[in-house]
$ cat target.txt   # compact mmCIF, C-alpha atoms
# COMPACT_ATOMS: atom_id res chain seq x y z
CA MET A 1 12.90 7.02 26.51
CA GLU A 2 15.66 8.00 24.08
CA THR A 3 15.25 11.37 22.34
CA ASP A 4 18.71 12.01 20.86
CA PRO A 5 18.04 12.45 17.09
CA ASN A 6 21.29 10.73 16.12
CA ILE A 7 20.49 7.68 18.20
CA LEU A 8 16.94 7.60 16.85
CA LYS A 9 18.27 7.71 13.28
CA SER A 10 20.51 4.75 14.05
CA GLU A 11 17.59 2.82 15.55
CA ALA A 12 15.51 3.38 12.41
CA ALA A 13 18.48 2.39 10.24
CA ARG A 14 19.03 -0.78 12.26
CA ALA A 15 15.39 -1.79 11.82
CA ALA A 16 15.63 -1.21 8.06
CA LEU A 17 18.76 -3.33 7.91
CA ASP A 18 16.68 -6.33 9.02
CA LEU A 19 14.91 -6.12 5.64
CA VAL A 20 18.14 -6.41 3.65
CA GLU A 21 18.66 -9.94 2.32
CA ASP A 22 21.72 -11.65 0.93
CA GLY A 23 22.18 -10.96 -2.77
CA MET A 24 20.12 -7.77 -2.84
CA LYS A 25 20.81 -4.83 -5.13
CA LEU A 26 20.35 -1.75 -2.95
CA GLY A 27 19.79 1.92 -3.61
CA ILE A 28 21.61 3.80 -0.85
CA GLY A 29 20.38 7.26 0.06
CA THR A 30 22.04 10.53 1.00
CA GLY A 31 22.11 12.41 4.30
CA SER A 32 22.83 11.79 7.96
CA THR A 33 20.21 9.07 8.41
CA ALA A 34 21.36 7.25 5.29
CA GLU A 35 24.94 7.45 6.52
CA ALA A 36 23.87 5.83 9.78
CA PHE A 37 22.45 3.02 7.65
CA VAL A 38 25.72 2.71 5.70
CA GLN A 39 27.70 2.31 8.92
CA LEU A 40 25.46 -0.54 10.06
CA LEU A 41 25.35 -2.10 6.60
CA ALA A 42 29.16 -2.09 6.49
CA GLU A 43 29.28 -4.15 9.69
CA ARG A 44 27.01 -6.77 8.11
CA VAL A 45 29.06 -6.78 4.91
CA ALA A 46 32.21 -7.34 6.94
CA ARG A 47 30.52 -10.39 8.47
CA GLY A 48 29.71 -11.85 5.07
CA LEU A 49 26.50 -10.22 3.80
CA LYS A 50 26.59 -10.17 -0.01
CA ILE A 51 24.99 -7.04 -1.48
CA VAL A 52 25.81 -4.40 -4.03
CA GLY A 53 24.76 -0.79 -3.70
CA VAL A 54 23.98 2.15 -5.98
CA PRO A 55 24.80 5.44 -4.19
CA THR A 56 22.54 8.45 -4.72
CA SER A 57 25.35 11.00 -4.40
CA GLU A 58 29.10 11.38 -4.61
CA ARG A 59 29.09 11.88 -0.84
CA THR A 60 27.36 8.54 -0.27
CA ALA A 61 29.77 6.85 -2.68
CA ILE A 62 32.69 8.14 -0.61
CA VAL A 63 31.17 6.97 2.69
CA CYS A 64 30.43 3.53 1.22
CA GLY A 65 33.96 3.27 -0.14
CA GLN A 66 35.47 4.22 3.19
CA ASN A 67 33.42 1.53 4.92
CA GLY A 68 33.89 -1.30 2.45
CA VAL A 69 30.37 -1.39 1.02
CA PRO A 70 30.59 -2.72 -2.57
CA LEU A 71 29.11 -0.42 -5.21
CA THR A 72 27.85 -0.54 -8.75
CA THR A 73 26.18 2.00 -11.02
CA LEU A 74 22.62 2.28 -12.21
CA ASP A 75 23.84 1.76 -15.77
CA GLU A 76 25.41 -1.56 -14.77
CA THR A 77 22.50 -2.51 -12.49
CA PRO A 78 19.39 -0.68 -13.74
CA GLU A 79 16.89 -2.64 -11.64
CA LEU A 80 17.19 -2.56 -7.86
CA ASP A 81 15.48 -4.62 -5.17
CA LEU A 82 15.29 -1.99 -2.46
CA THR A 83 16.20 1.63 -1.79
CA ILE A 84 16.70 2.88 1.74
CA ASP A 85 16.85 6.64 2.20
CA GLY A 86 15.98 9.41 4.60
CA ALA A 87 13.57 12.33 4.20
CA ASP A 88 13.25 15.93 5.29
CA GLU A 89 9.50 15.60 5.81
CA ILE A 90 7.10 12.66 5.76
CA GLY A 91 3.48 13.56 5.14
CA PRO A 92 0.20 11.68 4.74
CA ASP A 93 0.33 8.61 2.45
CA LEU A 94 4.12 8.81 2.75
CA THR A 95 4.44 11.78 0.45
CA LEU A 96 7.90 13.18 1.07
CA ILE A 97 10.02 16.27 0.82
CA LYS A 98 13.61 15.33 0.05
CA GLY A 99 16.67 17.15 -1.22
CA GLY A 100 17.96 18.98 1.83
CA GLY A 101 21.32 17.43 1.03
CA GLY A 102 21.12 18.42 -2.62
CA ALA A 103 20.86 14.92 -4.09
CA LEU A 104 17.15 14.87 -4.95
CA LEU A 105 17.53 14.12 -8.68
CA ARG A 106 19.68 11.02 -8.20
CA GLU A 107 17.62 9.99 -5.17
CA LYS A 108 14.44 10.05 -7.25
CA ILE A 109 16.01 8.21 -10.19
CA VAL A 110 17.29 5.47 -7.88
CA ALA A 111 13.99 5.20 -6.01
CA ALA A 112 12.07 4.88 -9.27
CA ALA A 113 14.41 2.08 -10.41
CA SER A 114 13.69 0.08 -7.24
CA GLN A 115 11.00 -2.45 -6.57
CA ARG A 116 10.55 -0.90 -3.13
CA MET A 117 11.58 2.27 -1.31
CA ILE A 118 11.80 2.42 2.47
CA VAL A 119 12.24 5.72 4.28
CA ILE A 120 14.09 5.83 7.60
CA ALA A 121 13.73 8.78 9.96
CA ASP A 122 13.28 10.01 13.48
CA GLU A 123 9.77 11.01 14.50
CA SER A 124 10.44 14.75 14.10
CA LYS A 125 10.14 14.29 10.32
CA ILE A 126 6.47 13.25 10.51
CA VAL A 127 4.13 16.14 9.59
CA GLU A 128 0.40 16.54 9.06
CA ALA A 129 1.02 18.47 5.85
CA LEU A 130 4.20 18.98 3.86
CA GLY A 131 5.71 22.41 3.37
CA ARG A 132 7.25 23.63 6.59
CA PHE A 133 10.60 22.44 5.24
CA PRO A 134 11.46 24.44 2.09
CA LEU A 135 10.99 22.37 -1.07
CA PRO A 136 14.28 21.89 -2.94
CA ILE A 137 13.87 22.36 -6.70
CA GLU A 138 16.79 21.47 -8.97
CA VAL A 139 16.99 23.90 -11.89
CA ASN A 140 19.05 24.58 -14.99
CA PRO A 141 21.37 27.59 -14.56
CA PHE A 142 20.19 28.98 -17.92
CA GLY A 143 17.17 31.24 -17.48
CA LEU A 144 17.29 31.02 -13.70
CA ARG A 145 15.21 34.12 -13.04
CA ALA A 146 12.56 33.08 -15.56
CA THR A 147 12.35 29.65 -13.93
CA MET A 148 12.00 31.17 -10.47
CA MET A 149 9.20 33.41 -11.72
CA ALA A 150 7.46 30.40 -13.24
CA ILE A 151 7.64 28.58 -9.89
CA GLU A 152 6.10 31.59 -8.16
CA LYS A 153 3.30 31.64 -10.76
CA VAL A 154 2.60 27.93 -10.19
CA ALA A 155 2.22 28.60 -6.47
CA GLN A 156 -0.10 31.52 -7.16
CA ASN A 157 -2.24 29.43 -9.50
CA LEU A 158 -2.57 26.77 -6.79
CA GLY A 159 -3.51 29.33 -4.14
CA MET A 160 -0.25 29.09 -2.19
CA SER A 161 2.27 31.66 -1.08
CA CYS A 162 5.88 31.03 -2.04
CA LYS A 163 9.25 32.51 -1.14
CA ILE A 164 12.16 31.31 -3.24
CA ALA A 165 15.86 31.49 -2.46
CA LEU A 166 18.83 30.30 -4.48
CA ARG A 167 20.78 27.82 -2.36
CA GLU A 168 24.35 28.84 -1.64
CA ALA A 169 27.40 27.11 -0.21
CA GLY A 170 30.44 29.06 0.93
CA GLY A 171 29.15 32.28 -0.58
CA SER A 172 28.61 30.79 -4.06
CA PRO A 173 25.62 29.03 -5.63
CA PHE A 174 25.34 25.39 -4.54
CA VAL A 175 26.00 23.09 -7.50
CA THR A 176 24.55 19.57 -7.54
CA ASP A 177 26.40 16.43 -8.58
CA GLY A 178 24.67 16.82 -11.94
CA GLY A 179 25.90 20.37 -12.44
CA HIS A 180 22.59 22.11 -11.72
CA LEU A 181 21.48 24.71 -9.18
CA ILE A 182 18.92 24.38 -6.40
CA VAL A 183 16.29 26.88 -5.38
CA ASP A 184 14.49 26.32 -2.08
CA ALA A 185 10.80 27.20 -2.23
CA SER A 186 9.09 27.95 1.08
CA PHE A 187 5.36 27.28 0.77
CA GLY A 188 4.61 26.98 4.48
CA ARG A 189 1.98 24.36 3.73
CA ILE A 190 1.39 22.11 0.72
CA PRO A 191 -2.14 20.73 1.15
CA GLU A 192 -2.08 18.79 -2.15
CA PRO A 193 1.43 17.69 -3.19
CA ARG A 194 0.45 15.89 -6.41
CA PRO A 195 -0.91 18.92 -8.36
CA LEU A 196 2.15 20.93 -7.30
CA ALA A 197 4.47 18.12 -8.43
CA VAL A 198 2.76 17.95 -11.84
CA ALA A 199 2.87 21.72 -12.30
CA LEU A 200 6.56 21.98 -11.36
CA ASN A 201 7.42 19.17 -13.78
CA ALA A 202 5.85 21.22 -16.58
CA ILE A 203 8.29 24.13 -16.13
CA PRO A 204 11.06 23.75 -18.75
CA GLY A 205 13.82 25.06 -16.47
CA VAL A 206 12.97 22.66 -13.63
CA VAL A 207 15.16 19.57 -13.79
CA GLU A 208 13.48 17.84 -10.82
CA HIS A 209 11.91 18.68 -7.48
CA GLY A 210 11.97 17.19 -4.01
CA LEU A 211 8.33 16.11 -3.83
CA PHE A 212 8.32 12.30 -3.75
CA VAL A 213 4.75 11.21 -4.45
CA GLY A 214 3.89 7.53 -4.67
CA LEU A 215 7.48 6.32 -4.39
CA ALA A 216 7.87 5.31 -0.74
CA GLY A 217 6.19 2.03 0.18
CA SER A 218 6.86 2.29 3.90
CA ALA A 219 8.66 4.35 6.51
CA ILE A 220 10.52 3.13 9.57
CA VAL A 221 10.31 5.83 12.21
CA ALA A 222 12.10 5.89 15.55
CA GLY A 223 10.76 7.92 18.46
CA ARG A 224 10.36 8.08 22.20
CA SER A 225 8.03 5.09 22.25
CA GLY A 226 10.26 2.94 20.04
CA VAL A 227 10.41 2.08 16.36
CA ARG A 228 7.26 1.80 14.27
CA THR A 229 6.46 1.23 10.61
CA LEU A 230 4.16 3.39 8.51
CA ASP A 231 2.75 1.89 5.32
CA ALA A 232 1.71 3.97 2.35
CA LYS A 233 -1.48 1.94 1.84
CA ALA A 234 -2.41 0.44 5.18
CA GLY A 235 -1.53 3.33 7.50
CA ARG A 236 0.23 2.72 10.75
CA ASN A 237 1.44 -0.68 11.93
$ encode --input "target.txt" --output "structure tokens"
Amino acid sequence: METDPNILKSEAARAALDLVEDGMKLGIGTGSTAEAFVQLLAERVARGLKIVGVPTSERTAIVCGQNGVPLTTLDETPELDLTIDGADEIGPDLTLIKGGGGALLREKIVAAASQRMIVIADESKIVEALGRFPLPIEVNPFGLRATMMAIEKVAQNLGMSCKIALREAGGSPFVTDGGHLIVDASFGRIPEPRPLAVALNAIPGVVEHGLFVGLAGSAIVAGRSGVRTLDAKAGRN
């Protein structure tokens, strides 16, 4: 069976496209899997599908523009029917780690404005417990060191180890579309994502974090045995 990650991403994206209906207002995610979805969506749009999309990053906006996918903004269209996005890790109950591409704040805002969020991924993203992938945390540049220390203290209070690194790009700090910085926190294992999410939200210097808890309704996952759907409530279909 097929094991090429790029092909698997496209298979998951194609299955998600079957859920897109004429007239929908779509949240469109960021990253390689989301871009695979955009390519397929563009083909449907060219054949007459009527949709409008809200991109979760400047990068996604560019890709949509290059492929003829019509866009709007969340200010113009504050309520969306469906968001389709990728993930860096998919854990139990469809808790997610997102933000490897640096767009976690806008991704979470768009997901929260949608009636439904569907995650598309290849099977390598499924994990028994989140945390192997470093958790992206978007922070304000002011008081960076104090914020990093507060994150370390949160981990300590929850009985977890934590190594934090400021994300860089080209030798300089990575700057998000919103003008913030990102620190990547390596916990190794996050047995209970919700308490960590609540504690991180309470740190004044934290703008947002990449733990998506209770946002994804289902995940479409492609693997060696084909494409399957995971549901946040009912388990595996």
$ closest_atom_pairs --input "target.txt" --of "range 81-118 of chain A" --to "range 158-181 of chain A" --cutoff "10 Å" --atoms "all atoms listed in the file" --output "tab-separated table"
residue	atom	partner	partner_atom	distance
A:Gly101	CA	A:Thr176	CA	9.4
A:Gly102	CA	A:Thr176	CA	6.1
A:Ala103	CA	A:Thr176	CA	6.9
A:Leu104	CA	A:Thr176	CA	9.1
A:Leu105	CA	A:Gly178	CA	8.3
A:Arg106	CA	A:Gly178	CA	8.5
$ write_last_selection --input "target.txt" --atoms "C-alpha atoms" --output "PDB file, keeping the file's coordinate frame"
ATOM      1  CA  GLY A 101      21.320  17.430   1.030  1.00  0.00           C
ATOM      2  CA  GLY A 102      21.120  18.420  -2.620  1.00  0.00           C
ATOM      3  CA  ALA A 103      20.860  14.920  -4.090  1.00  0.00           C
ATOM      4  CA  LEU A 104      17.150  14.870  -4.950  1.00  0.00           C
ATOM      5  CA  LEU A 105      17.530  14.120  -8.680  1.00  0.00           C
ATOM      6  CA  ARG A 106      19.680  11.020  -8.200  1.00  0.00           C
TER       7      ARG A 106
END
$ residues_near_point --input "target.txt" --point "(30.9, -10.2, 0.6)" --cutoff "12 Å" --atoms "all atoms listed in the file" --output "list in words"
Asp22, Gly23, Met24, Leu41, Ala42, Glu43, Arg44, Val45, Ala46, Arg47, Gly48, Leu49, Lys50, Ile51, Val52, Gly68, Val69, Pro70 and Leu71 of chain A
$ residues_around --input "target.txt" --residues "range 114-130 of chain A" --least-positions-apart "3" --cutoff "9 Å" --atoms "all atoms listed in the file" --output "NGL selection string"
:A and (5-13 or 15-16 or 25-27 or 33-34 or 37 or 78-92 or 94-97 or 109-111 or 133 or 187-193 or 215-224 or 227)
$ atom_distance --input "target.txt" --atom1 "CA of Asn67 in chain A" --atom2 "CA of Gly210 in chain A"
28.0 Å
$ atom_distance --input "target.txt" --atom1 "CA of Leu196 in chain A" --atom2 "CA of Lys233 in chain A"
21.4 Å
$ closest_residue --input "target.txt" --among "A:Glu107, A:Asp184, A:Asp93, A:Glu152" --to "Leu135 in chain A" --atoms "only C-alpha atoms"
A:Asp184
$ atom_distance --input "target.txt" --atom1 "CA of Pro134 in chain A" --atom2 "CA of Thr229 in chain A"
25.2 Å
$ closest_residue --input "target.txt" --among "A:Leu230, A:Pro141, A:Arg194, A:Ala155" --to "Val207 in chain A" --atoms "all atoms listed in the file"
A:Pro141
$ closest_residue --input "target.txt" --among "A:Thr3, A:Gln39, A:Thr60, A:Asn140" --to "Val183 in chain A" --atoms "only C-alpha atoms"
A:Asn140
$ closest_residue --input "target.txt" --among "A:Asp231, A:Glu138, A:Glu76, A:Glu58" --to "Ile203 in chain A" --atoms "only C-alpha atoms"
A:Glu138
$ axis_aligned_box --input "target.txt" --around "range 149-163 of chain A" --padding-each-side "4 Å" --output "AutoDock Vina command-line options"
--center_x 2.9 --center_y 30.1 --center_z -7.2 --size_x 20.8 --size_y 14.6 --size_z 20.2
$ build_atoms --input "target.txt" --residues "range 183-194 of chain A" --atoms "all heavy atoms" --output "PDB file, in the coordinates of the input"
ATOM      1  N   VAL A 183      17.015  25.820  -6.062  1.00  0.00           N
ATOM      2  CA  VAL A 183      16.290  26.880  -5.380  1.00  0.00           C
ATOM      3  C   VAL A 183      15.406  26.215  -4.330  1.00  0.00           C
ATOM      4  O   VAL A 183      14.851  25.140  -4.563  1.00  0.00           O
ATOM      5  CB  VAL A 183      15.438  27.732  -6.354  1.00  0.00           C
ATOM      6  CG1 VAL A 183      16.332  28.484  -7.321  1.00  0.00           C
ATOM      7  CG2 VAL A 183      14.428  26.893  -7.112  1.00  0.00           C
ATOM      8  N   ASP A 184      15.319  26.844  -3.167  1.00  0.00           N
ATOM      9  CA  ASP A 184      14.490  26.320  -2.080  1.00  0.00           C
ATOM     10  C   ASP A 184      13.226  27.167  -1.994  1.00  0.00           C
ATOM     11  O   ASP A 184      13.295  28.384  -1.782  1.00  0.00           O
ATOM     12  CB  ASP A 184      15.257  26.360  -0.761  1.00  0.00           C
ATOM     13  CG  ASP A 184      16.411  25.364  -0.750  1.00  0.00           C
ATOM     14  OD1 ASP A 184      16.157  24.164  -0.935  1.00  0.00           O
ATOM     15  OD2 ASP A 184      17.575  25.784  -0.567  1.00  0.00           O
ATOM     16  N   ALA A 185      12.083  26.516  -2.193  1.00  0.00           N
ATOM     17  CA  ALA A 185      10.800  27.200  -2.230  1.00  0.00           C
ATOM     18  C   ALA A 185      10.049  26.968  -0.928  1.00  0.00           C
ATOM     19  O   ALA A 185       9.694  25.827  -0.611  1.00  0.00           O
ATOM     20  CB  ALA A 185       9.975  26.720  -3.420  1.00  0.00           C
ATOM     21  N   SER A 186       9.809  28.035  -0.196  1.00  0.00           N
ATOM     22  CA  SER A 186       9.090  27.950   1.080  1.00  0.00           C
ATOM     23  C   SER A 186       7.610  28.218   0.850  1.00  0.00           C
ATOM     24  O   SER A 186       7.211  29.350   0.563  1.00  0.00           O
ATOM     25  CB  SER A 186       9.673  28.954   2.086  1.00  0.00           C
ATOM     26  OG  SER A 186      11.028  28.671   2.353  1.00  0.00           O
ATOM     27  N   PHE A 187       6.807  27.164   0.960  1.00  0.00           N
ATOM     28  CA  PHE A 187       5.360  27.280   0.770  1.00  0.00           C
ATOM     29  C   PHE A 187       4.622  27.401   2.100  1.00  0.00           C
ATOM     30  O   PHE A 187       3.479  27.834   2.134  1.00  0.00           O
ATOM     31  CB  PHE A 187       4.825  26.071   0.000  1.00  0.00           C
ATOM     32  CG  PHE A 187       5.344  25.951  -1.403  1.00  0.00           C
ATOM     33  CD1 PHE A 187       6.389  25.103  -1.704  1.00  0.00           C
ATOM     34  CD2 PHE A 187       4.795  26.709  -2.430  1.00  0.00           C
ATOM     35  CE1 PHE A 187       6.871  24.984  -2.998  1.00  0.00           C
ATOM     36  CE2 PHE A 187       5.264  26.607  -3.732  1.00  0.00           C
ATOM     37  CZ  PHE A 187       6.315  25.744  -4.018  1.00  0.00           C
ATOM     38  N   GLY A 188       5.273  26.977   3.177  1.00  0.00           N
ATOM     39  CA  GLY A 188       4.610  26.980   4.480  1.00  0.00           C
ATOM     40  C   GLY A 188       3.724  25.766   4.669  1.00  0.00           C
ATOM     41  O   GLY A 188       3.822  25.053   5.650  1.00  0.00           O
ATOM     42  N   ARG A 189       2.878  25.513   3.682  1.00  0.00           N
ATOM     43  CA  ARG A 189       1.980  24.360   3.730  1.00  0.00           C
ATOM     44  C   ARG A 189       1.634  23.943   2.311  1.00  0.00           C
ATOM     45  O   ARG A 189       1.292  24.782   1.475  1.00  0.00           O
ATOM     46  CB  ARG A 189       0.707  24.715   4.512  1.00  0.00           C
ATOM     47  CG  ARG A 189      -0.297  23.566   4.662  1.00  0.00           C
ATOM     48  CD  ARG A 189      -1.514  24.024   5.446  1.00  0.00           C
ATOM     49  NE  ARG A 189      -2.539  22.989   5.509  1.00  0.00           N
ATOM     50  CZ  ARG A 189      -2.587  22.034   6.432  1.00  0.00           C
ATOM     51  NH1 ARG A 189      -1.665  21.995   7.376  1.00  0.00           N
ATOM     52  NH2 ARG A 189      -3.550  21.137   6.443  1.00  0.00           N
ATOM     53  N   ILE A 190       1.743  22.658   2.036  1.00  0.00           N
ATOM     54  CA  ILE A 190       1.390  22.110   0.720  1.00  0.00           C
ATOM     55  C   ILE A 190       0.235  21.132   0.944  1.00  0.00           C
ATOM     56  O   ILE A 190       0.445  19.950   1.229  1.00  0.00           O
ATOM     57  CB  ILE A 190       2.582  21.389   0.072  1.00  0.00           C
ATOM     58  CG1 ILE A 190       3.783  22.341  -0.049  1.00  0.00           C
ATOM     59  CG2 ILE A 190       2.193  20.842  -1.302  1.00  0.00           C
ATOM     60  CD1 ILE A 190       5.052  21.661  -0.532  1.00  0.00           C
ATOM     61  N   PRO A 191      -1.001  21.601   0.847  1.00  0.00           N
ATOM     62  CA  PRO A 191      -2.140  20.730   1.150  1.00  0.00           C
ATOM     63  C   PRO A 191      -2.311  19.588   0.158  1.00  0.00           C
ATOM     64  O   PRO A 191      -2.788  18.512   0.515  1.00  0.00           O
ATOM     65  CB  PRO A 191      -3.338  21.686   1.126  1.00  0.00           C
ATOM     66  CG  PRO A 191      -2.885  22.846   0.307  1.00  0.00           C
ATOM     67  CD  PRO A 191      -1.421  22.973   0.522  1.00  0.00           C
ATOM     68  N   GLU A 192      -1.937  19.814  -1.111  1.00  0.00           N
ATOM     69  CA  GLU A 192      -2.080  18.790  -2.150  1.00  0.00           C
ATOM     70  C   GLU A 192      -0.771  18.692  -2.932  1.00  0.00           C
ATOM     71  O   GLU A 192      -0.572  19.417  -3.911  1.00  0.00           O
ATOM     72  CB  GLU A 192      -3.246  19.122  -3.078  1.00  0.00           C
ATOM     73  CG  GLU A 192      -4.608  19.130  -2.381  1.00  0.00           C
ATOM     74  CD  GLU A 192      -5.742  19.330  -3.365  1.00  0.00           C
ATOM     75  OE1 GLU A 192      -5.818  18.556  -4.336  1.00  0.00           O
ATOM     76  OE2 GLU A 192      -6.524  20.269  -3.162  1.00  0.00           O
ATOM     77  N   PRO A 193       0.122  17.790  -2.540  1.00  0.00           N
ATOM     78  CA  PRO A 193       1.430  17.690  -3.190  1.00  0.00           C
ATOM     79  C   PRO A 193       1.373  17.286  -4.660  1.00  0.00           C
ATOM     80  O   PRO A 193       2.176  17.768  -5.466  1.00  0.00           O
ATOM     81  CB  PRO A 193       2.149  16.617  -2.359  1.00  0.00           C
ATOM     82  CG  PRO A 193       1.462  16.621  -1.036  1.00  0.00           C
ATOM     83  CD  PRO A 193       0.038  16.925  -1.347  1.00  0.00           C
ATOM     84  N   ARG A 194       0.439  16.419  -5.037  1.00  0.00           N
ATOM     85  CA  ARG A 194       0.450  15.890  -6.410  1.00  0.00           C
ATOM     86  C   ARG A 194       0.249  16.982  -7.466  1.00  0.00           C
ATOM     87  O   ARG A 194       1.007  17.042  -8.449  1.00  0.00           O
ATOM     88  CB  ARG A 194      -0.586  14.781  -6.566  1.00  0.00           C
ATOM     89  CG  ARG A 194      -0.461  14.020  -7.882  1.00  0.00           C
ATOM     90  CD  ARG A 194      -1.448  12.855  -7.942  1.00  0.00           C
ATOM     91  NE  ARG A 194      -1.157  11.847  -6.935  1.00  0.00           N
ATOM     92  CZ  ARG A 194      -0.290  10.854  -7.089  1.00  0.00           C
ATOM     93  NH1 ARG A 194       0.384  10.753  -8.228  1.00  0.00           N
ATOM     94  NH2 ARG A 194      -0.102   9.981  -6.130  1.00  0.00           N
TER      95      ARG A 194
END
